[in-house]
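*Asks:* Structure below; questions to follow.
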Amino acid sequence: MPKISIIIPVYNTEKYLRQCLNSVINQTLKDIEIICINDGSTDNSLEILKEYSQKDSRIKVISKKNSGHGHTMNIGLDNATGEYIGIVESDDYISINMYEELYKLSNDNIDVVKSSFYKYYDTPNVKKIENVSWSKKAILPDKNPFNINDYPVFLSFHPSIWTCIYKKKFLIQNNIKFLEEKEASWVDNLFQVQTLYLAKKIIYINTPFYFYRKRNLKDSADLKDYNIPFKRTQEIYSWIRQNNISNENILACLYKRHLNYIISILDNLKFYNIKNGMKIVKQMIYDMNKNIILHNSYINKKERKIYLALKNRAYIYWFFKQIMELRKYILSIHFTQKNKYIAFCGKYYYFNNKKRCKNAKK
């Protein structure tokens, strides 16, 4: 039995696939198996996978017709034989010591070992790596192991399921699998909630190993369909009700993330779909417990204001958000230690140093 089975779902990522595979096969932890599932790619991804599998016996290639990310991941889980499960998206890459460091923290009683990650902005004109340091946003574990009731704030963060290793026995015992729905996106949302909530013992290390590639500078630009956040939150709330979860801190931290999802929906709403979009927003607001929003300490003042504005004046909130976005589109100046740019008529001029700047399209 290998120590870790690493699942790599692949769909039309030939541009990045070699970098991904190189980072995995060169792991300092050698006792791994690498399960690559080709989800009906139409580019040269399958040929690249076959090439690598001929050079490294640890690589197992499974090819199938396109059936969606959830089904692809479940095939990986079914074929994994390792003690723990790791996940790497085929357009990302990892530090060569990632799995050795995570596995060193595990033992027979640990269900999940989680780390931090980097955002790698890979846009046509902007290349930068940003450490996602959650310690700046919240108080993180000062003791290990812990469970989610001790630190529910993890549920408010990016799902980032690929920063973890999961004990396979734990996944099987709790029947944790991915949502299978063709064309479905964000299927990692429910998987994250289930694994973190059901894990009896979690270990977290605030060290980034994973490079999460982002091809847009603005998060909401990654959202192709404004219905997606609504569908995923509905699935989470349905699972919460089925399991009679009433812990207010757990719910508050999920609300924090879902308020951000609502903002992403609003960013993607146009005049022609405003009516349907607002129905979705109002339903998401309705699903939140008002008393928790107004009184739980995990919800900050800004989030309370957003909630109340959307609950009482959703259309007005959206309208003024459009005005503000238009103003930013025409001219905005942003200077911090991390980011320095001027935006003018949709073009972003990022300053790499004091003497020059680059144009970047968001």
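Letters A, B, ... go to the chains of the structure tokens in the order shown; residues in each chain start at 1; ligands are counted from 1 in the same order.
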Can you tell me, as a ChimeraX atom specification, which residues in stretch 2-235 of chain A count as strand (DSSP E or B) by DSSP?
*Replies:* /A:4-10,32-39,59-64,84-87,93-94,112-122,127-132,146,164-167,202-214
*Asks:* Give one line per residue of stretch 55-117 of chain A that approaches stretch 162-169 of chain A to at most 7 Å, naming the two atoms of the closest pair and their distance in Å to one decimal, counting only C-alpha atoms; sort by chain then ascending residue number and deliver it as JSON lines.
*Replies:*
{"residue": "A:Glu83", "atom": "CA", "partner": "A:Lys168", "partner_atom": "CA", "distance": 5.8}
{"residue": "A:Tyr84", "atom": "CA", "partner": "A:Lys167", "partner_atom": "CA", "distance": 4.3}
{"residue": "A:Ile85", "atom": "CA", "partner": "A:Tyr166", "partner_atom": "CA", "distance": 5.0}
{"residue": "A:Gly86", "atom": "CA", "partner": "A:Ile165", "partner_atom": "CA", "distance": 4.8}
{"residue": "A:Ile87", "atom": "CA", "partner": "A:Trp162", "partner_atom": "CA", "distance": 4.8}
{"residue": "A:Val88", "atom": "CA", "partner": "A:Trp162", "partner_atom": "CA", "distance": 5.8}
{"residue": "A:Asp111", "atom": "CA", "partner": "A:Lys167", "partner_atom": "CA", "distance": 5.1}
{"residue": "A:Val112", "atom": "CA", "partner": "A:Tyr166", "partner_atom": "CA", "distance": 4.7}
{"residue": "A:Val113", "atom": "CA", "partner": "A:Ile165", "partner_atom": "CA", "distance": 5.4}
{"residue": "A:Lys114", "atom": "CA", "partner": "A:Cys164", "partner_atom": "CA", "distance": 4.3}
{"residue": "A:Ser115", "atom": "CA", "partner": "A:Thr163", "partner_atom": "CA", "distance": 5.4}
{"residue": "A:Ser116", "atom": "CA", "partner": "A:Thr163", "partner_atom": "CA", "distance": 6.5}
{"residue": "A:Phe117", "atom": "CA", "partner": "A:Thr163", "partner_atom": "CA", "distance": 6.7}
*Asks:* Hey, can you spit out that residue selection with N, CA and C atoms as a PDB file, in the first residue's frame?
*Replies:*
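For reference, again20.pdb as written:
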ATOM      1  N   GLU A  83      -2.813   4.909   1.613  1.00  0.00           N
ATOM      2  CA  GLU A  83      -3.298   5.160   2.963  1.00  0.00           C
ATOM      3  C   GLU A  83      -4.003   6.508   3.030  1.00  0.00           C
ATOM      4  N   TYR A  84      -3.445   7.489   2.344  1.00  0.00           N
ATOM      5  CA  TYR A  84      -4.037   8.824   2.264  1.00  0.00           C
ATOM      6  C   TYR A  84      -4.284   9.193   0.805  1.00  0.00           C
ATOM      7  N   ILE A  85      -5.176  10.174   0.605  1.00  0.00           N
ATOM      8  CA  ILE A  85      -5.517  10.674  -0.725  1.00  0.00           C
ATOM      9  C   ILE A  85      -5.070  12.123  -0.837  1.00  0.00           C
ATOM     10  N   GLY A  86      -4.382  12.452  -1.939  1.00  0.00           N
ATOM     11  CA  GLY A  86      -4.047  13.830  -2.262  1.00  0.00           C
ATOM     12  C   GLY A  86      -4.650  14.194  -3.608  1.00  0.00           C
ATOM     13  N   ILE A  87      -4.828  15.478  -3.856  1.00  0.00           N
ATOM     14  CA  ILE A  87      -5.450  15.946  -5.101  1.00  0.00           C
ATOM     15  C   ILE A  87      -4.595  17.075  -5.680  1.00  0.00           C
ATOM     16  N   VAL A  88      -4.304  16.988  -6.975  1.00  0.00           N
ATOM     17  CA  VAL A  88      -3.615  18.072  -7.671  1.00  0.00           C
ATOM     18  C   VAL A  88      -4.368  18.344  -8.966  1.00  0.00           C
ATOM     19  N   ASP A 111      -7.443  12.262  10.442  1.00  0.00           N
ATOM     20  CA  ASP A 111      -8.278  12.109   9.248  1.00  0.00           C
ATOM     21  C   ASP A 111      -7.859  13.042   8.118  1.00  0.00           C
ATOM     22  N   VAL A 112      -7.472  14.284   8.465  1.00  0.00           N
ATOM     23  CA  VAL A 112      -7.134  15.286   7.452  1.00  0.00           C
ATOM     24  C   VAL A 112      -5.892  16.057   7.909  1.00  0.00           C
ATOM     25  N   VAL A 113      -4.948  16.229   6.984  1.00  0.00           N
ATOM     26  CA  VAL A 113      -3.819  17.129   7.205  1.00  0.00           C
ATOM     27  C   VAL A 113      -3.911  18.219   6.148  1.00  0.00           C
ATOM     28  N   LYS A 114      -3.925  19.475   6.591  1.00  0.00           N
ATOM     29  CA  LYS A 114      -4.159  20.598   5.679  1.00  0.00           C
ATOM     30  C   LYS A 114      -3.027  21.616   5.779  1.00  0.00           C
ATOM     31  N   SER A 115      -2.729  22.256   4.634  1.00  0.00           N
ATOM     32  CA  SER A 115      -1.712  23.303   4.612  1.00  0.00           C
ATOM     33  C   SER A 115      -2.279  24.549   3.935  1.00  0.00           C
ATOM     34  N   SER A 116      -1.454  25.577   3.870  1.00  0.00           N
ATOM     35  CA  SER A 116      -1.822  26.795   3.157  1.00  0.00           C
ATOM     36  C   SER A 116      -1.458  26.636   1.676  1.00  0.00           C
ATOM     37  N   PHE A 117      -1.591  27.713   0.882  1.00  0.00           N
ATOM     38  CA  PHE A 117      -1.243  27.618  -0.537  1.00  0.00           C
ATOM     39  C   PHE A 117      -0.848  28.982  -1.090  1.00  0.00           C
TER      40      PHE A 117
END
*Asks:* For the interface of stretch 94-168 of chain A with stretch 236-249 of chain A (cut-off 12 Å, counting only C-alpha atoms), please tabulate each contacting residue of stretch 94-168 of chain A alongside its nearest pair of atoms and their separation in Å to one decimal, rows sorted by chain and increasing number, as a Markdown table.
*Replies:*
| residue | atom | partner | partner_atom | distance |
| --- | --- | --- | --- | --- |
| A:Ile148 | CA | A:Asn249 | CA | 9.8 |
| A:Asn149 | CA | A:Asn249 | CA | 7.9 |
| A:Asp150 | CA | A:Asn249 | CA | 9.6 |
| A:Tyr151 | CA | A:Asn249 | CA | 9.0 |
| A:Pro152 | CA | A:Asn249 | CA | 6.4 |
| A:Val153 | CA | A:Asn249 | CA | 8.2 |
| A:Phe154 | CA | A:Asn249 | CA | 11.0 |
| A:Leu155 | CA | A:Asn249 | CA | 9.9 |
| A:Ser156 | CA | A:Asn249 | CA | 10.6 |
*Asks:* Write to file, as a PDB file, in the first residue's frame, the residues of the selection just made, with N, CA and C atoms.
*Replies:*
ATOM      1  N   ILE A 148     -13.278  20.749  13.672  1.00  0.00           N
ATOM      2  CA  ILE A 148     -13.828  21.977  13.093  1.00  0.00           C
ATOM      3  C   ILE A 148     -14.630  22.783  14.107  1.00  0.00           C
ATOM      4  N   ASN A 149     -15.120  22.148  15.160  1.00  0.00           N
ATOM      5  CA  ASN A 149     -15.827  22.898  16.200  1.00  0.00           C
ATOM      6  C   ASN A 149     -14.871  23.831  16.949  1.00  0.00           C
ATOM      7  N   ASP A 150     -13.588  23.448  17.000  1.00  0.00           N
ATOM      8  CA  ASP A 150     -12.583  24.297  17.638  1.00  0.00           C
ATOM      9  C   ASP A 150     -12.251  25.512  16.777  1.00  0.00           C
ATOM     10  N   TYR A 151     -12.175  25.297  15.467  1.00  0.00           N
ATOM     11  CA  TYR A 151     -11.794  26.367  14.530  1.00  0.00           C
ATOM     12  C   TYR A 151     -12.715  26.342  13.305  1.00  0.00           C
ATOM     13  N   PRO A 152     -13.979  26.724  13.481  1.00  0.00           N
ATOM     14  CA  PRO A 152     -14.919  26.691  12.351  1.00  0.00           C
ATOM     15  C   PRO A 152     -14.573  27.679  11.247  1.00  0.00           C
ATOM     16  N   VAL A 153     -13.679  28.628  11.533  1.00  0.00           N
ATOM     17  CA  VAL A 153     -13.345  29.659  10.551  1.00  0.00           C
ATOM     18  C   VAL A 153     -12.806  29.061   9.256  1.00  0.00           C
ATOM     19  N   PHE A 154     -12.279  27.830   9.303  1.00  0.00           N
ATOM     20  CA  PHE A 154     -11.795  27.195   8.074  1.00  0.00           C
ATOM     21  C   PHE A 154     -12.909  27.050   7.041  1.00  0.00           C
ATOM     22  N   LEU A 155     -14.144  26.968   7.487  1.00  0.00           N
ATOM     23  CA  LEU A 155     -15.270  26.838   6.563  1.00  0.00           C
ATOM     24  C   LEU A 155     -15.570  28.134   5.835  1.00  0.00           C
ATOM     25  N   SER A 156     -14.999  29.240   6.280  1.00  0.00           N
ATOM     26  CA  SER A 156     -15.214  30.516   5.603  1.00  0.00           C
ATOM     27  C   SER A 156     -14.149  30.787   4.543  1.00  0.00           C
TER      28      SER A 156
END
*Asks:* When distances are computed from only C-alpha atoms, which of A:Val132, A:Leu308, A:Val10, A:Ile228 shows the smallest separation from A:Cys36?
*Replies:*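 For A:Cys36, the nearest of the candidates is A:Val10.
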*Asks:* As a PyMOL selection string, please: every residue in stretch 120-319 of chain A that DSSP puts in alpha helix (DSSP H).
*Replies:* chain A and resi 168-173+188-198+227-242+248-268+274-286+290-295+301-319
*Asks:* Using only C-alpha atoms, find the one residue out of A:Ala138, A:Val24, A:Leu217, A:Leu259 that sits nearest to A:Thr123.
*Replies:*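 Nearest candidate to A:Thr123 out of A:Ala138, A:Val24, A:Leu217, A:Leu259: A:Leu217.
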*Asks:* What's the 12 Å shell around A:Ile37, counting only C-alpha atoms, without same-chain residues fewer than 5 positions away, as a VMD selection string?
*Replies:* chain A and resid 6 to 12 45 to 46 49 to 50 59 to 80 87 to 90
*Asks:* So, with only C-alpha atoms as the atoms that count, which of A:Ile34, A:Ile203, A:Val126, A:Leu198 lies closest to A:Arg215?
*Replies:*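 Closest residue, counting only C-alpha atoms: A:Val126.
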*Asks:* What is the atom CA of A:Lys55-atom CA of A:Tyr120 distance in Å, reported with one decimal?
*Replies:*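 Computing the Euclidean distance for atom CA of A:Lys55 and atom CA of A:Tyr120 yields 28.4 Å.
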*Asks:* Rounded to one decimal place, report the atom CA of A:Ser185-atom CA of A:Asp39 distance in Å.
*Replies:*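 For atom CA of A:Ser185 relative to atom CA of A:Asp39, the distance reads 14.2 Å.
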*Asks:* Counting only C-alpha atoms, which of A:Asn227, A:Ile250, A:Asn260, A:Leu102 gets nearest to A:His158?
*Replies:*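 Result for the nearest residue to A:His158: A:Asn260.
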*Asks:* Which residues are near A:Ser23? Cut-off 7 Å, only C-alpha atoms, ignore same chain within fewer than 5 positions. Put them as a PyMOL selection string.
*Replies:* chain A and resi 93-96
*Asks:* Using the selection just defined, write its residues with N, CA, C and O atoms as a tab-separated table (two decimals), in the first residue's frame.
*Replies:*
chain	number	residue	atom	x	y	z
A	93	TYR	N	0.53	23.27	-9.81
A	93	TYR	CA	1.72	22.48	-9.49
A	93	TYR	C	2.04	22.63	-8.01
A	93	TYR	O	1.44	23.47	-7.32
A	94	ILE	N	2.96	21.80	-7.51
A	94	ILE	CA	3.21	21.76	-6.06
A	94	ILE	C	4.72	21.77	-5.78
A	94	ILE	O	5.53	21.42	-6.63
A	95	SER	N	5.06	22.16	-4.56
A	95	SER	CA	6.44	22.08	-4.10
A	95	SER	C	6.84	20.61	-3.98
A	95	SER	O	6.01	19.76	-3.62
A	96	ILE	N	8.12	20.31	-4.23
A	96	ILE	CA	8.53	18.90	-4.29
A	96	ILE	C	8.49	18.22	-2.92
A	96	ILE	O	8.50	16.99	-2.85
*Asks:* Excluding A:Tyr255 and residues on its chain fewer than 4 positions from it, collect all residues at most 10 Å away from it, counting only C-alpha atoms, and give them as an MDAnalysis selection string.
*Replies:* chainID A and resid 155:156 233 249:251 259:261 284:285 287:289 292:293 298:299 303 307
*Asks:* Could you pull the residues within 8 Å of stretch 274-282 of chain A, counting only C-alpha atoms, minus those fewer than 3 positions along the same chain, as a list of chain:residue names?
*Replies:* A:Tyr226, A:Asn227, A:Phe230, A:Ile262, A:Ile265, A:Leu266, A:Leu269, A:Lys270, A:Phe271, A:Ile285, A:Tyr286, A:Leu310, A:Lys311, A:Ala314, A:Tyr315
*Asks:* Please produce an output containing N, CA and C atoms for each residue in the selection, written as a PDB file, in the first residue's frame.
*Replies:*
ATOM      1  N   TYR A 226     -23.602  32.509 -13.087  1.00  0.00           N
ATOM      2  CA  TYR A 226     -23.950  33.031 -11.761  1.00  0.00           C
ATOM      3  C   TYR A 226     -24.858  32.084 -10.981  1.00  0.00           C
ATOM      4  N   ASN A 227     -25.396  31.050 -11.634  1.00  0.00           N
ATOM      5  CA  ASN A 227     -26.221  30.068 -10.933  1.00  0.00           C
ATOM      6  C   ASN A 227     -25.390  29.095 -10.091  1.00  0.00           C
ATOM      7  N   PHE A 230     -25.171  29.519  -6.248  1.00  0.00           N
ATOM      8  CA  PHE A 230     -26.477  29.226  -5.655  1.00  0.00           C
ATOM      9  C   PHE A 230     -26.689  27.717  -5.531  1.00  0.00           C
ATOM     10  N   ILE A 262     -22.319  35.640  -3.007  1.00  0.00           N
ATOM     11  CA  ILE A 262     -23.373  36.546  -3.467  1.00  0.00           C
ATOM     12  C   ILE A 262     -22.761  37.737  -4.195  1.00  0.00           C
ATOM     13  N   ILE A 265     -21.928  36.722  -7.593  1.00  0.00           N
ATOM     14  CA  ILE A 265     -23.131  36.672  -8.427  1.00  0.00           C
ATOM     15  C   ILE A 265     -23.487  38.071  -8.906  1.00  0.00           C
ATOM     16  N   LEU A 266     -23.485  39.034  -8.000  1.00  0.00           N
ATOM     17  CA  LEU A 266     -23.836  40.407  -8.359  1.00  0.00           C
ATOM     18  C   LEU A 266     -22.871  40.980  -9.387  1.00  0.00           C
ATOM     19  N   LEU A 269     -24.040  39.787 -12.802  1.00  0.00           N
ATOM     20  CA  LEU A 269     -25.401  40.083 -13.260  1.00  0.00           C
ATOM     21  C   LEU A 269     -25.406  41.261 -14.220  1.00  0.00           C
ATOM     22  N   LYS A 270     -26.114  41.086 -15.330  1.00  0.00           N
ATOM     23  CA  LYS A 270     -26.319  42.169 -16.288  1.00  0.00           C
ATOM     24  C   LYS A 270     -27.791  42.570 -16.262  1.00  0.00           C
ATOM     25  N   PHE A 271     -28.122  43.643 -16.946  1.00  0.00           N
ATOM     26  CA  PHE A 271     -29.505  44.123 -16.927  1.00  0.00           C
ATOM     27  C   PHE A 271     -30.484  43.069 -17.442  1.00  0.00           C
ATOM     28  N   ILE A 285     -30.037  34.765   0.712  1.00  0.00           N
ATOM     29  CA  ILE A 285     -30.164  35.580   1.922  1.00  0.00           C
ATOM     30  C   ILE A 285     -31.205  34.963   2.860  1.00  0.00           C
ATOM     31  N   TYR A 286     -32.301  34.479   2.282  1.00  0.00           N
ATOM     32  CA  TYR A 286     -33.373  33.868   3.075  1.00  0.00           C
ATOM     33  C   TYR A 286     -32.871  32.625   3.818  1.00  0.00           C
ATOM     34  N   LEU A 310     -28.733  43.781   1.277  1.00  0.00           N
ATOM     35  CA  LEU A 310     -29.291  42.838   0.306  1.00  0.00           C
ATOM     36  C   LEU A 310     -30.669  42.350   0.727  1.00  0.00           C
ATOM     37  N   LYS A 311     -30.871  42.204   2.019  1.00  0.00           N
ATOM     38  CA  LYS A 311     -32.165  41.726   2.509  1.00  0.00           C
ATOM     39  C   LYS A 311     -33.256  42.767   2.283  1.00  0.00           C
ATOM     40  N   ALA A 314     -32.088  44.953  -2.209  1.00  0.00           N
ATOM     41  CA  ALA A 314     -31.165  44.214  -3.071  1.00  0.00           C
ATOM     42  C   ALA A 314     -30.950  44.910  -4.410  1.00  0.00           C
ATOM     43  N   TYR A 315     -32.018  45.396  -5.034  1.00  0.00           N
ATOM     44  CA  TYR A 315     -31.892  46.041  -6.344  1.00  0.00           C
ATOM     45  C   TYR A 315     -31.067  47.324  -6.244  1.00  0.00           C
TER      46      TYR A 315
END
